[in-house]
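Undergrad: Provided herewith: upload31.cif, mmCIF, C-alpha atoms and all ligand atoms.
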```cif
data_run
loop_
_atom_site.label_atom_id
_atom_site.label_comp_id
_atom_site.auth_asym_id
_atom_site.auth_seq_id
_atom_site.Cartn_x
_atom_site.Cartn_y
_atom_site.Cartn_z
CA MET X 379 165.27 -120.18 -67.44
CA PRO X 380 165.12 -117.97 -70.54
CA LYS X 381 162.04 -115.94 -71.22
CA THR X 382 159.82 -117.66 -73.73
CA LYS X 383 158.49 -114.90 -75.93
CA LEU X 384 160.66 -112.29 -77.53
CA PRO X 385 159.39 -110.17 -80.42
CA ARG X 386 161.09 -111.72 -83.44
CA LEU X 387 161.70 -109.86 -86.68
CA ALA X 388 159.31 -112.20 -88.51
CA ALA X 389 156.48 -110.66 -86.46
CA CYS X 390 157.07 -107.27 -88.09
CA ASP X 391 155.09 -107.53 -91.30
CA ASP X 392 155.26 -104.06 -92.75
CA LEU X 393 158.84 -103.02 -93.43
CA ALA X 394 158.60 -101.53 -96.92
CA GLY X 395 159.74 -97.91 -96.92
CA LYS X 396 160.24 -97.95 -93.14
CA TYR X 397 163.36 -96.58 -91.52
CA VAL X 398 164.89 -99.32 -89.37
CA LEU X 399 167.49 -98.52 -86.74
CA LEU X 400 169.52 -101.73 -86.68
CA ARG X 401 171.80 -102.23 -83.67
CA ALA X 402 174.37 -104.67 -85.01
CA SER X 403 177.33 -106.43 -83.42
CA LEU X 404 180.31 -105.46 -85.58
CA ASN X 405 183.11 -105.32 -83.04
CA VAL X 406 185.60 -107.09 -85.30
CA PRO X 407 189.41 -106.97 -85.00
CA ILE X 408 191.15 -104.37 -87.21
CA VAL X 409 194.77 -104.83 -88.27
CA ASP X 410 196.50 -102.09 -90.28
CA GLY X 411 193.16 -100.43 -91.00
CA ARG X 412 191.51 -103.60 -92.35
CA VAL X 413 189.08 -106.13 -90.88
CA SER X 414 191.19 -109.18 -90.01
CA ASN X 415 188.38 -111.51 -88.94
CA GLN X 416 184.97 -111.58 -90.60
CA PHE X 417 183.14 -113.81 -88.09
CA ARG X 418 180.81 -111.18 -86.59
CA LEU X 419 180.40 -109.38 -89.88
CA VAL X 420 179.21 -112.52 -91.64
CA ARG X 421 176.74 -113.21 -88.85
CA ALA X 422 175.28 -109.71 -89.21
CA LEU X 423 174.41 -110.16 -92.89
CA PRO X 424 171.23 -112.30 -92.72
CA THR X 425 169.27 -109.60 -90.87
CA ILE X 426 170.55 -106.86 -93.17
CA ASN X 427 169.57 -108.90 -96.23
CA TYR X 428 166.19 -109.77 -94.72
CA LEU X 429 165.43 -106.08 -94.15
CA ARG X 430 166.69 -105.07 -97.61
CA GLN X 431 164.57 -107.69 -99.35
CA ARG X 432 161.52 -106.22 -97.65
CA GLY X 433 162.34 -102.69 -98.75
CA ALA X 434 163.37 -101.25 -95.39
CA ARG X 435 165.77 -98.31 -95.15
CA ILE X 436 168.44 -99.54 -92.81
CA ILE X 437 170.46 -97.35 -90.47
CA ILE X 438 173.15 -99.47 -88.82
CA VAL X 439 174.32 -98.47 -85.35
CA ALA X 440 177.28 -100.36 -83.85
CA HIS X 441 180.41 -99.96 -81.74
CA ILE X 442 184.00 -101.01 -82.26
CA GLY X 443 187.15 -101.24 -80.16
CA ARG X 444 187.90 -99.71 -76.79
CA GLU X 445 189.17 -96.26 -77.72
CA THR X 446 186.70 -93.45 -78.37
CA ASP X 447 188.39 -92.62 -81.68
CA ASP X 448 188.11 -96.18 -83.03
CA THR X 449 186.23 -96.03 -86.32
CA LEU X 450 183.78 -98.32 -88.11
CA ALA X 451 184.98 -97.12 -91.53
CA PRO X 452 186.99 -100.32 -92.24
CA VAL X 453 183.95 -102.39 -91.25
CA ALA X 454 181.73 -100.55 -93.75
CA GLU X 455 184.44 -101.08 -96.35
CA ALA X 456 184.58 -104.83 -95.64
CA MET X 457 180.79 -105.09 -95.66
CA ARG X 458 180.67 -103.59 -99.15
CA ALA X 459 181.88 -106.94 -100.51
CA SER X 460 178.39 -108.27 -99.63
CA VAL X 461 176.04 -105.28 -99.28
CA PRO X 462 176.17 -101.74 -100.70
CA VAL X 463 176.54 -99.58 -97.61
CA THR X 464 177.19 -95.86 -97.21
CA PHE X 465 179.34 -94.88 -94.26
CA VAL X 466 178.48 -91.69 -92.34
CA SER X 467 181.41 -90.44 -90.27
CA GLU X 468 179.16 -89.02 -87.52
CA VAL X 469 176.90 -90.62 -84.90
CA THR X 470 174.36 -87.78 -84.83
CA GLY X 471 173.92 -84.36 -86.38
CA PRO X 472 173.38 -82.84 -89.84
CA ALA X 473 175.52 -85.37 -91.76
CA VAL X 474 173.32 -88.18 -90.43
CA VAL X 475 170.10 -86.31 -91.24
CA THR X 476 171.27 -85.56 -94.79
CA ALA X 477 172.31 -89.18 -95.42
CA ARG X 478 168.98 -90.38 -94.06
CA GLU X 479 166.98 -88.03 -96.27
CA SER X 480 168.58 -89.34 -99.44
CA MET X 481 167.86 -93.01 -98.67
CA GLN X 482 165.71 -95.16 -100.96
CA ASP X 483 163.96 -98.42 -100.05
CA GLY X 484 166.55 -101.15 -99.47
CA ASP X 485 169.41 -98.69 -98.88
CA VAL X 486 171.85 -99.19 -96.02
CA ILE X 487 173.83 -96.56 -94.14
CA MET X 488 176.22 -97.20 -91.28
CA LEU X 489 176.78 -94.54 -88.63
CA GLU X 490 180.17 -94.00 -86.97
CA ASN X 491 181.13 -95.96 -83.81
CA VAL X 492 178.27 -95.19 -81.43
CA ARG X 493 180.68 -95.15 -78.48
CA GLN X 494 182.30 -92.05 -79.97
CA HIS X 495 179.22 -90.32 -78.56
CA PRO X 496 179.86 -89.59 -74.87
CA LYS X 497 176.23 -90.24 -73.96
CA GLU X 498 176.05 -93.79 -75.34
CA THR X 499 177.61 -95.61 -72.42
CA ASP X 500 175.63 -93.89 -69.68
CA ASP X 501 172.30 -94.58 -71.38
CA ASP X 502 171.47 -90.91 -71.64
CA GLY X 503 167.78 -90.43 -72.36
CA SER X 504 168.20 -87.52 -74.75
CA PHE X 505 170.72 -89.43 -76.86
CA ALA X 506 168.48 -92.51 -76.99
CA SER X 507 165.58 -90.43 -78.20
CA GLU X 508 167.79 -88.67 -80.75
CA LEU X 509 168.73 -92.06 -82.21
CA ALA X 510 165.12 -93.23 -82.07
CA GLN X 511 163.95 -90.18 -84.01
CA LEU X 512 165.88 -91.43 -87.02
CA ALA X 513 163.65 -94.47 -87.43
CA ASP X 514 160.18 -96.06 -87.36
CA VAL X 515 161.31 -99.43 -86.05
CA TYR X 516 164.22 -100.65 -83.91
CA VAL X 517 165.86 -104.03 -84.48
CA ASN X 518 168.41 -105.36 -81.99
CA ASP X 519 170.70 -107.91 -83.64
CA ALA X 520 173.64 -107.24 -81.30
CA PHE X 521 173.42 -110.14 -78.85
CA ALA X 522 177.14 -109.87 -78.04
CA ALA X 523 176.69 -106.27 -76.81
CA SER X 524 173.34 -106.71 -75.07
CA HIS X 525 174.79 -107.17 -71.59
CA ARG X 526 175.67 -103.46 -71.71
CA PRO X 527 173.00 -101.03 -70.46
CA HIS X 528 173.88 -98.48 -73.13
CA ALA X 529 171.59 -96.00 -74.89
CA SER X 530 171.59 -97.79 -78.26
CA LEU X 531 170.68 -101.08 -76.54
CA VAL X 532 168.34 -100.32 -73.65
CA GLY X 533 167.37 -96.69 -74.31
CA VAL X 534 166.11 -96.80 -77.91
CA PRO X 535 163.51 -99.56 -77.30
CA ARG X 536 161.71 -97.18 -74.90
CA HIS X 537 160.81 -95.08 -77.93
CA LEU X 538 160.23 -97.46 -80.87
CA PRO X 539 158.50 -100.72 -81.77
CA THR X 540 161.27 -103.24 -81.15
CA TYR X 541 162.16 -106.60 -82.67
CA PHE X 542 165.10 -108.95 -82.24
CA GLY X 543 167.08 -109.81 -85.36
CA LEU X 544 167.99 -113.18 -86.84
CA ASN X 545 171.49 -113.34 -85.36
CA PHE X 546 170.19 -112.27 -81.96
CA MET X 547 167.52 -114.97 -81.94
CA HIS X 548 169.95 -117.58 -83.21
CA GLU X 549 172.20 -116.82 -80.22
CA TYR X 550 169.22 -116.73 -77.88
CA ASP X 551 167.78 -120.05 -79.06
CA GLU X 552 171.05 -121.96 -79.11
CA LEU X 553 172.27 -120.69 -75.74
CA SER X 554 168.85 -121.40 -74.24
CA HIS X 555 169.28 -124.93 -75.54
CA ALA X 556 172.72 -125.16 -73.92
CA MET X 557 171.14 -124.12 -70.61
CA GLN X 558 169.13 -127.34 -70.67
CA PRO X 559 171.67 -130.02 -71.59
CA GLN X 560 170.89 -133.65 -72.21
CA GLU X 561 172.77 -136.21 -70.10
CA PRO X 562 175.57 -137.11 -70.16
CA SER X 563 176.77 -133.54 -70.43
CA LEU X 564 180.11 -131.78 -70.15
CA PHE X 565 180.86 -128.10 -69.58
CA ILE X 566 184.42 -127.09 -70.50
CA LEU X 567 185.58 -123.80 -69.07
CA GLY X 568 188.93 -122.16 -69.71
CA GLY X 569 190.41 -118.72 -70.27
CA ALA X 570 191.18 -116.28 -67.50
CA LYS X 571 189.48 -114.08 -64.87
CA PHE X 572 188.07 -116.75 -62.57
CA ASP X 573 186.31 -114.05 -60.55
CA THR X 574 183.95 -113.51 -63.52
CA LYS X 575 183.44 -117.23 -64.17
CA LEU X 576 183.16 -118.66 -60.64
CA PRO X 577 179.39 -117.95 -60.29
CA LEU X 578 178.80 -119.87 -63.51
CA VAL X 579 180.78 -122.84 -62.21
CA GLU X 580 178.80 -122.92 -58.98
CA GLN X 581 175.50 -122.63 -60.81
CA TYR X 582 176.27 -125.14 -63.60
CA LEU X 583 177.40 -127.89 -61.23
CA ASP X 584 173.76 -128.85 -61.00
CA THR X 585 173.11 -128.32 -64.72
CA TYR X 586 175.96 -130.27 -66.34
CA ASN X 587 177.17 -133.70 -65.16
CA HIS X 588 180.81 -132.61 -65.23
CA ILE X 589 182.74 -129.37 -65.49
CA PHE X 590 186.30 -129.38 -66.78
CA ILE X 591 188.27 -126.34 -65.64
CA GLY X 592 191.34 -125.54 -67.75
CA GLY X 593 193.23 -122.49 -68.95
CA ALA X 594 194.44 -120.00 -66.37
CA LEU X 595 191.35 -120.79 -64.26
CA ALA X 596 192.94 -124.09 -63.27
CA ASN X 597 195.90 -122.18 -61.78
CA ASP X 598 193.59 -120.69 -59.15
CA ILE X 599 192.41 -124.16 -58.20
CA PHE X 600 195.94 -125.57 -58.06
CA ALA X 601 197.04 -122.64 -55.86
CA ALA X 602 194.02 -123.06 -53.57
CA ARG X 603 194.92 -126.74 -53.21
CA GLY X 604 198.34 -125.65 -52.01
CA LEU X 605 200.29 -126.55 -55.16
CA GLU X 606 203.19 -124.48 -56.46
CA VAL X 607 202.08 -122.48 -59.52
CA GLY X 608 205.31 -120.52 -59.99
CA THR X 609 204.81 -117.37 -62.03
CA SER X 610 201.51 -118.55 -63.61
CA LEU X 611 198.62 -116.19 -64.22
CA VAL X 612 196.12 -116.34 -61.35
CA SER X 613 193.01 -114.23 -60.88
CA GLY X 614 193.31 -113.74 -57.15
CA VAL X 615 189.81 -115.08 -56.48
CA ASP X 616 189.56 -116.58 -53.00
CA LEU X 617 188.77 -120.28 -53.35
CA SER X 618 189.94 -121.30 -49.89
CA SER X 619 187.28 -123.50 -48.29
CA ASN X 620 185.20 -123.31 -51.49
CA PRO X 621 183.43 -126.68 -51.92
CA ILE X 622 184.29 -126.80 -55.64
CA LEU X 623 187.87 -127.72 -54.62
CA ASP X 624 186.75 -131.21 -53.57
CA ASP X 625 183.70 -131.60 -55.77
CA GLU X 626 183.92 -134.83 -57.77
CA ARG X 627 181.98 -133.30 -60.63
CA ILE X 628 184.81 -130.84 -61.25
CA ILE X 629 187.68 -132.14 -63.38
CA THR X 630 191.02 -130.33 -63.47
CA PRO X 631 194.05 -130.94 -65.72
CA ILE X 632 196.18 -133.98 -64.90
CA ASP X 633 199.13 -132.49 -66.77
CA VAL X 634 200.20 -128.98 -67.74
CA VAL X 635 202.64 -127.36 -70.16
CA VAL X 636 205.06 -125.01 -68.40
CA ASP X 637 207.84 -122.72 -69.56
CA GLY X 638 210.79 -121.53 -67.50
CA PRO X 639 214.59 -121.42 -67.32
CA ASP X 640 214.74 -125.07 -68.43
CA GLY X 641 212.47 -124.41 -71.40
CA ARG X 642 209.08 -125.82 -72.24
CA ARG X 643 208.06 -129.11 -70.64
CA THR X 644 204.96 -131.10 -69.75
CA THR X 645 204.53 -132.02 -66.11
CA PRO X 646 201.95 -133.16 -63.57
CA PRO X 647 200.45 -130.11 -61.82
CA ASP X 648 202.12 -130.99 -58.52
CA ALA X 649 205.64 -130.71 -59.97
CA VAL X 650 205.64 -127.11 -61.24
CA ARG X 651 208.73 -125.18 -60.15
CA LYS X 652 208.86 -121.72 -58.58
CA ASP X 653 210.38 -120.12 -61.68
CA GLU X 654 208.01 -121.79 -64.15
CA GLN X 655 204.75 -120.64 -65.67
CA ILE X 656 201.78 -122.84 -66.61
CA LEU X 657 200.79 -121.85 -70.15
CA ASP X 658 198.63 -124.71 -71.47
CA VAL X 659 196.97 -127.87 -70.28
CA GLY X 660 198.81 -131.05 -71.21
CA PRO X 661 197.92 -133.72 -73.83
CA GLU X 662 196.94 -136.32 -71.23
CA SER X 663 194.27 -134.00 -69.88
CA ILE X 664 192.75 -133.71 -73.34
CA ALA X 665 193.05 -137.49 -73.79
CA LEU X 666 191.14 -137.89 -70.52
CA LEU X 667 188.36 -135.65 -71.82
CA SER X 668 188.13 -137.24 -75.26
CA PRO X 669 185.92 -140.26 -74.34
CA MET X 670 183.72 -138.01 -72.20
CA ILE X 671 183.22 -135.62 -75.11
CA HIS X 672 182.42 -138.49 -77.46
CA ALA X 673 179.90 -139.92 -75.01
CA ALA X 674 178.29 -136.57 -74.20
CA LYS X 675 174.91 -135.59 -75.61
CA SER X 676 175.65 -131.94 -74.77
CA VAL X 677 178.97 -130.10 -74.68
CA LEU X 678 179.33 -126.43 -73.81
CA TRP X 679 182.77 -124.83 -74.11
CA ASN X 680 183.95 -121.33 -73.20
CA GLY X 681 187.56 -120.20 -72.77
CA PRO X 682 190.86 -121.32 -74.36
CA MET X 683 192.92 -124.03 -72.64
CA GLY X 684 196.12 -121.98 -72.75
CA ASN X 685 197.84 -118.74 -73.62
CA TYR X 686 197.06 -119.37 -77.31
CA GLU X 687 198.13 -115.90 -78.54
CA ALA X 688 201.69 -116.62 -77.39
CA GLY X 689 201.85 -119.97 -79.19
CA TYR X 690 200.40 -122.18 -76.46
CA ASN X 691 197.47 -123.18 -78.64
CA GLN X 692 198.12 -126.92 -79.07
CA GLN X 693 195.62 -128.27 -76.56
CA THR X 694 192.93 -125.72 -77.43
CA GLU X 695 193.21 -126.87 -81.03
CA ALA X 696 193.27 -130.56 -80.09
CA LEU X 697 190.15 -130.00 -78.00
CA ALA X 698 188.40 -128.18 -80.87
CA HIS X 699 189.00 -131.13 -83.21
CA ILE X 700 187.62 -133.58 -80.64
CA VAL X 701 184.53 -131.47 -79.98
CA ALA X 702 183.99 -131.08 -83.73
CA SER X 703 184.24 -134.82 -84.39
CA ALA X 704 182.00 -135.87 -81.49
CA PRO X 705 178.36 -136.71 -82.22
CA GLY X 706 176.68 -134.73 -79.41
CA TYR X 707 175.25 -131.23 -79.53
CA ALA X 708 178.09 -128.73 -79.06
CA VAL X 709 178.15 -125.01 -78.40
CA ILE X 710 181.38 -122.98 -78.33
CA GLY X 711 181.62 -119.33 -77.37
CA GLY X 712 183.82 -116.51 -76.14
CA GLY X 713 185.75 -113.92 -78.13
CA ASP X 714 189.12 -115.52 -77.48
CA THR X 715 187.83 -119.06 -77.83
CA ILE X 716 186.44 -118.35 -81.30
CA ALA X 717 189.64 -116.53 -82.29
CA ALA X 718 191.68 -119.54 -81.14
CA VAL X 719 189.71 -122.15 -83.10
CA GLU X 720 188.48 -120.20 -86.12
CA SER X 721 191.36 -121.01 -88.43
CA LEU X 722 190.79 -124.75 -87.88
CA ARG X 723 187.68 -124.76 -90.08
CA VAL X 724 185.70 -126.77 -87.56
CA GLN X 725 182.76 -124.39 -87.75
CA GLU X 726 180.58 -126.61 -89.97
CA GLN X 727 180.88 -129.49 -87.51
CA ILE X 728 180.04 -127.48 -84.39
CA ASP X 729 176.32 -127.00 -83.80
CA PHE X 730 176.73 -123.40 -82.72
CA MET X 731 179.58 -120.93 -82.33
CA SER X 732 178.51 -117.91 -80.28
CA THR X 733 179.78 -114.47 -81.30
CA ALA X 734 179.43 -113.37 -77.69
CA GLY X 735 181.83 -113.31 -74.73
CA GLY X 736 180.58 -111.44 -71.67
CA ALA X 737 177.01 -111.52 -72.96
CA MET X 738 177.17 -115.28 -73.36
CA LEU X 739 178.35 -115.76 -69.77
CA GLN X 740 175.70 -113.43 -68.41
CA PHE X 741 172.95 -115.04 -70.46
CA LEU X 742 173.98 -118.56 -69.38
CA GLN X 743 173.85 -117.36 -65.80
CA THR X 744 170.57 -115.46 -65.79
CA GLY X 745 168.68 -116.46 -68.96
CA SER X 746 168.40 -112.78 -69.87
CA LEU X 747 170.35 -109.62 -70.68
CA PRO X 748 169.70 -105.92 -69.95
CA ALA X 749 168.72 -105.29 -73.60
CA ILE X 750 166.14 -108.08 -73.37
CA ASP X 751 164.76 -106.82 -70.06
CA ALA X 752 164.45 -103.37 -71.62
CA VAL X 753 161.94 -104.81 -74.10
CA VAL X 754 160.04 -107.51 -72.24
CA GLY X 755 160.62 -106.41 -68.64
CA THR X 756 162.06 -108.49 -65.82
CA ASP X 757 159.80 -111.29 -64.71
P1 LIG X 801 186.89 -115.85 -73.88
O1 LIG X 801 187.19 -114.51 -74.53
O2 LIG X 801 186.86 -116.95 -74.88
O3 LIG X 801 185.68 -115.81 -72.99
P2 LIG X 801 188.73 -115.30 -71.73
O4 LIG X 801 188.75 -113.88 -72.14
O5 LIG X 801 188.14 -115.70 -70.45
O6 LIG X 801 188.12 -116.19 -72.91
O7 LIG X 801 190.24 -115.84 -71.65
C1 LIG X 801 191.12 -115.81 -72.72
C2 LIG X 801 192.50 -115.46 -72.25
O8 LIG X 801 192.97 -116.43 -71.33
C3 LIG X 801 193.47 -115.45 -73.41
O9 LIG X 801 194.09 -114.19 -73.44
C4 LIG X 801 194.48 -116.55 -73.05
O10 LIG X 801 195.81 -116.22 -73.40
C5 LIG X 801 194.34 -116.58 -71.55
N1 LIG X 801 194.86 -117.82 -70.97
C6 LIG X 801 194.32 -119.04 -70.96
N2 LIG X 801 195.10 -119.92 -70.33
C7 LIG X 801 196.19 -119.24 -69.89
C8 LIG X 801 197.35 -119.58 -69.14
N3 LIG X 801 197.58 -120.81 -68.71
N4 LIG X 801 198.22 -118.58 -68.89
C9 LIG X 801 198.02 -117.32 -69.31
N5 LIG X 801 196.93 -116.95 -70.02
C10 LIG X 801 196.03 -117.89 -70.30
MG MG X 802 188.21 -112.81 -73.84
#
```
Written as structure tokens, that's how I'd like the structure from this file.
TA:
Amino acid sequence: MPKTKLPRLAACDDLAGKYVLLRASLNVPIVDGRVSNQFRLVRALPTINYLRQRGARIIIVAHIGRETDDTLAPVAEAMRASVPVTFVSEVTGPAVVTARESMQDGDVIMLENVRQHPKETDDDGSFASELAQLADVYVNDAFAASHRPHASLVGVPRHLPTYFGLNFMHEYDELSHAMQPQEPSLFILGGAKFDTKLPLVEQYLDTYNHIFIGGALANDIFAARGLEVGTSLVSGVDLSSNPILDDERIITPIDVVVDGPDGRRTTPPDAVRKDEQILDVGPESIALLSPMIHAAKSVLWNGPMGNYEAGYNQQTEALAHIVASAPGYAVIGGGDTIAAVESLRVQEQIDFMSTAGGAMLQFLQTGSLPAIDAVVGTD
């Protein structure tokens, strides 16, 4: 179960003139040097505005991309449409100190991609204290990154009074809620990498009434049941003799969309050919889920139903519309899942869309994250 008391930003009453080191989650996709999806950026704004209104001097620390030369410059540029922000093209050093010294109350600066600093990812103590020295208060609003034991997430709170930001607490509260579903409840799990998701399946069998397993995860189950999966993506997780194979609470697709030498077709899972690849669940599987989703008081969904980037997005989209139109409480999360359903404009009808992927899975599993433990300890 989640920890009950985290220090929320509202508990910090004196922010005027204070330097606040704000760890934000701004890992947005960049296409041709521009931010192509604003989802995380928009979710970062309430905390920034909250701090500005109270006269804090805000130093934003964040990461982006996977390469060490990936830059946050386009993110600062995109943020300028909502907040005046000065970008500093260094993580530490004289340029940062100079920018800091010229700040007024309510000003915002954004430091370069913190992962450009080699000491960020190994939680180096000297780097954490160097970051901490820039500020009076630390605010963690980066829920989506908080499963990483990095210096800017678990090291800085050792040195400064720490609070969790509005986006962080929103994620925390809603995912805590999803950990205690109301019956009848349905957990929908898709995507890939079953090895990372299997522990969640085993644990949530006793939490949710039913678990639907779609996406590439279903391929592992089909293969373990001895069915032909052709050239489909499988994770290689060993499910042989795993009780989930025969568990009645687990629902698997009753039809799948395959592609192969004969083109795209929909077929029952036991009629996939050697030279075919399963790329989406089929429409009958979604039709089977529809009444369950409408009846459910709680729905939790992570992972696309198919290889949506390659055009196999039909059933993921159909599922999103059903979840959006159903009356129960619904939470959707996962980087790819959000990317797959974002353009459908279902956001207003879904109770909560998590900005997190790996952090969401880890939180659902343990009720905590390393960056939370770093502040309140492990109990
Ligand atoms: P999330 O980021 O939402 O947690 P994952 O990262 O677990 O989701 O999985 C998303 C990936 O799974 C996507 O790249 C998608 O193309 C892939 N995927 C889902 N179903 C299939 C399938 N049948 N074949 C190949 N890839 C699939
Ligand atoms: Mg993903």
Undergrad: Quick one: pull the distance between CA of Gly689 (chain X) and atom C6 of ligand LIG 801 (chain X), Å, one decimal.
TA: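 Distance reported for this atom pair: 11.2 Å.
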Undergrad: Could you give me, as CSV, every chain X residue with an atom at most 9 Å from ligand LIG 801 (chain X), plus its closest atom pair and distance in Å to one decimal, counting only C-alpha atoms and all ligand atoms, rows ordered by chain then number?
TA:
```
residue,atom,partner,partner_atom,distance
X:Leu567,CA,X:LIG801,O5,8.6
X:Gly568,CA,X:LIG801,C6,6.4
X:Gly569,CA,X:LIG801,O7,3.2
X:Ala570,CA,X:LIG801,O8,4.2
X:Lys571,CA,X:LIG801,O5,6.0
X:Phe572,CA,X:LIG801,O5,7.9
X:Thr574,CA,X:LIG801,O5,8.4
X:Lys575,CA,X:LIG801,O5,8.0
X:Gly592,CA,X:LIG801,N2,7.2
X:Gly593,CA,X:LIG801,N2,3.5
X:Ala594,CA,X:LIG801,N3,4.0
X:Leu595,CA,X:LIG801,N2,7.2
X:Ala596,CA,X:LIG801,N3,7.9
X:Asn597,CA,X:LIG801,N3,7.3
X:Ser610,CA,X:LIG801,N4,6.2
X:Leu611,CA,X:LIG801,C9,5.2
X:Val612,CA,X:LIG801,N4,8.1
X:Val634,CA,X:LIG801,N3,8.6
X:Val635,CA,X:LIG801,N3,8.4
X:Val636,CA,X:LIG801,N3,8.6
X:Gln655,CA,X:LIG801,N4,7.6
X:Ile656,CA,X:LIG801,N3,5.1
X:Leu657,CA,X:LIG801,N3,3.7
X:Asp658,CA,X:LIG801,N3,4.9
X:Val659,CA,X:LIG801,N3,7.3
X:Trp679,CA,X:LIG801,O2,8.9
X:Asn680,CA,X:LIG801,O2,5.5
X:Gly681,CA,X:LIG801,O2,3.9
X:Pro682,CA,X:LIG801,C6,5.4
X:Met683,CA,X:LIG801,N2,5.2
X:Gly684,CA,X:LIG801,N2,3.3
X:Asn685,CA,X:LIG801,O10,3.2
X:Tyr686,CA,X:LIG801,O10,5.2
X:Glu687,CA,X:LIG801,O10,5.6
X:Ala688,CA,X:LIG801,O10,7.1
X:Tyr690,CA,X:LIG801,O10,8.1
X:Asn691,CA,X:LIG801,O10,8.9
X:Ile710,CA,X:LIG801,O2,8.8
X:Gly711,CA,X:LIG801,O2,6.3
X:Gly712,CA,X:LIG801,O2,3.3
X:Gly713,CA,X:LIG801,O1,3.9
X:Asp714,CA,X:LIG801,O1,3.7
X:Thr715,CA,X:LIG801,O2,3.8
X:Ile716,CA,X:LIG801,O2,6.6
X:Ala717,CA,X:LIG801,O2,7.9
X:Ala718,CA,X:LIG801,O2,8.3
X:Ala734,CA,X:LIG801,O3,8.2
X:Gly735,CA,X:LIG801,O3,4.9
X:Gly736,CA,X:LIG801,O3,6.8
X:Met738,CA,X:LIG801,O3,8.5
X:Leu739,CA,X:LIG801,O3,8.0
```
Undergrad: State, in Å with one decimal place, the distance from CA of Gly755 (chain X) to CA of Arg421 (chain X).
TA: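 That distance, rounded to one decimal, is 26.7 Å.
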Undergrad: Pick out the residues sitting within 9 Å of region 449-457 of chain X, and hand them over as an NGL selection string; count all atoms listed in the file, and ignore anything fewer than 2 positions along from it in its own chain.
TA: :X and (404-406 or 408 or 411-413 or 416 or 419-420 or 423 or 440-443 or 446-447 or 459-467 or 487-491 or 494)
Undergrad: How would the residues just picked look written out with C-alpha atoms as a compact mmCIF listing (two decimals), in the coordinates of the input?
TA:
```
# COMPACT_ATOMS: atom_id res chain seq x y z
CA LEU X 404 180.31 -105.46 -85.58
CA ASN X 405 183.11 -105.32 -83.04
CA VAL X 406 185.60 -107.09 -85.30
CA ILE X 408 191.15 -104.37 -87.21
CA GLY X 411 193.16 -100.43 -91.00
CA ARG X 412 191.51 -103.60 -92.35
CA VAL X 413 189.08 -106.13 -90.88
CA GLN X 416 184.97 -111.58 -90.60
CA LEU X 419 180.40 -109.38 -89.88
CA VAL X 420 179.21 -112.52 -91.64
CA LEU X 423 174.41 -110.16 -92.89
CA ALA X 440 177.28 -100.36 -83.85
CA HIS X 441 180.41 -99.96 -81.74
CA ILE X 442 184.00 -101.01 -82.26
CA GLY X 443 187.15 -101.24 -80.16
CA THR X 446 186.70 -93.45 -78.37
CA ASP X 447 188.39 -92.62 -81.68
CA ALA X 459 181.88 -106.94 -100.51
CA SER X 460 178.39 -108.27 -99.63
CA VAL X 461 176.04 -105.28 -99.28
CA PRO X 462 176.17 -101.74 -100.70
CA VAL X 463 176.54 -99.58 -97.61
CA THR X 464 177.19 -95.86 -97.21
CA PHE X 465 179.34 -94.88 -94.26
CA VAL X 466 178.48 -91.69 -92.34
CA SER X 467 181.41 -90.44 -90.27
CA ILE X 487 173.83 -96.56 -94.14
CA MET X 488 176.22 -97.20 -91.28
CA LEU X 489 176.78 -94.54 -88.63
CA GLU X 490 180.17 -94.00 -86.97
CA ASN X 491 181.13 -95.96 -83.81
CA GLN X 494 182.30 -92.05 -79.97
```
Undergrad: When you look at Ile589 (chain X) with a cut-off of 8 Å (counting only C-alpha atoms), what residues show up, excluding the ones that are within fewer than 2 positions of it in the same chain? I need them as a PDB file with C-alpha atoms, in the coordinates of the input.
TA:
```pdb
ATOM      1  CA  LEU X 564     180.110-131.780 -70.150  1.00  0.00           C
ATOM      2  CA  PHE X 565     180.860-128.100 -69.580  1.00  0.00           C
ATOM      3  CA  ILE X 566     184.420-127.090 -70.500  1.00  0.00           C
ATOM      4  CA  LEU X 567     185.580-123.800 -69.070  1.00  0.00           C
ATOM      5  CA  VAL X 579     180.780-122.840 -62.210  1.00  0.00           C
ATOM      6  CA  TYR X 582     176.270-125.140 -63.600  1.00  0.00           C
ATOM      7  CA  LEU X 583     177.400-127.890 -61.230  1.00  0.00           C
ATOM      8  CA  TYR X 586     175.960-130.270 -66.340  1.00  0.00           C
ATOM      9  CA  ASN X 587     177.170-133.700 -65.160  1.00  0.00           C
ATOM     10  CA  ILE X 591     188.270-126.340 -65.640  1.00  0.00           C
ATOM     11  CA  ARG X 627     181.980-133.300 -60.630  1.00  0.00           C
ATOM     12  CA  ILE X 628     184.810-130.840 -61.250  1.00  0.00           C
ATOM     13  CA  ILE X 629     187.680-132.140 -63.380  1.00  0.00           C
TER      14      ILE X 629
END
```
Undergrad: Please identify all polymer residues within 9 Å of Arg430 (chain X), counting all atoms listed in the file, omitting same-chain residues fewer than 6 positions from it, and present them as a PDB file with C-alpha atoms, in the frame of the given file.
TA:
```pdb
ATOM      1  CA  ALA X 394     158.600-101.530 -96.920  1.00  0.00           C
ATOM      2  CA  ILE X 436     168.440 -99.540 -92.810  1.00  0.00           C
ATOM      3  CA  ASP X 483     163.960 -98.420-100.050  1.00  0.00           C
ATOM      4  CA  GLY X 484     166.550-101.150 -99.470  1.00  0.00           C
ATOM      5  CA  ASP X 485     169.410 -98.690 -98.880  1.00  0.00           C
ATOM      6  CA  VAL X 486     171.850 -99.190 -96.020  1.00  0.00           C
TER       7      VAL X 486
END
```
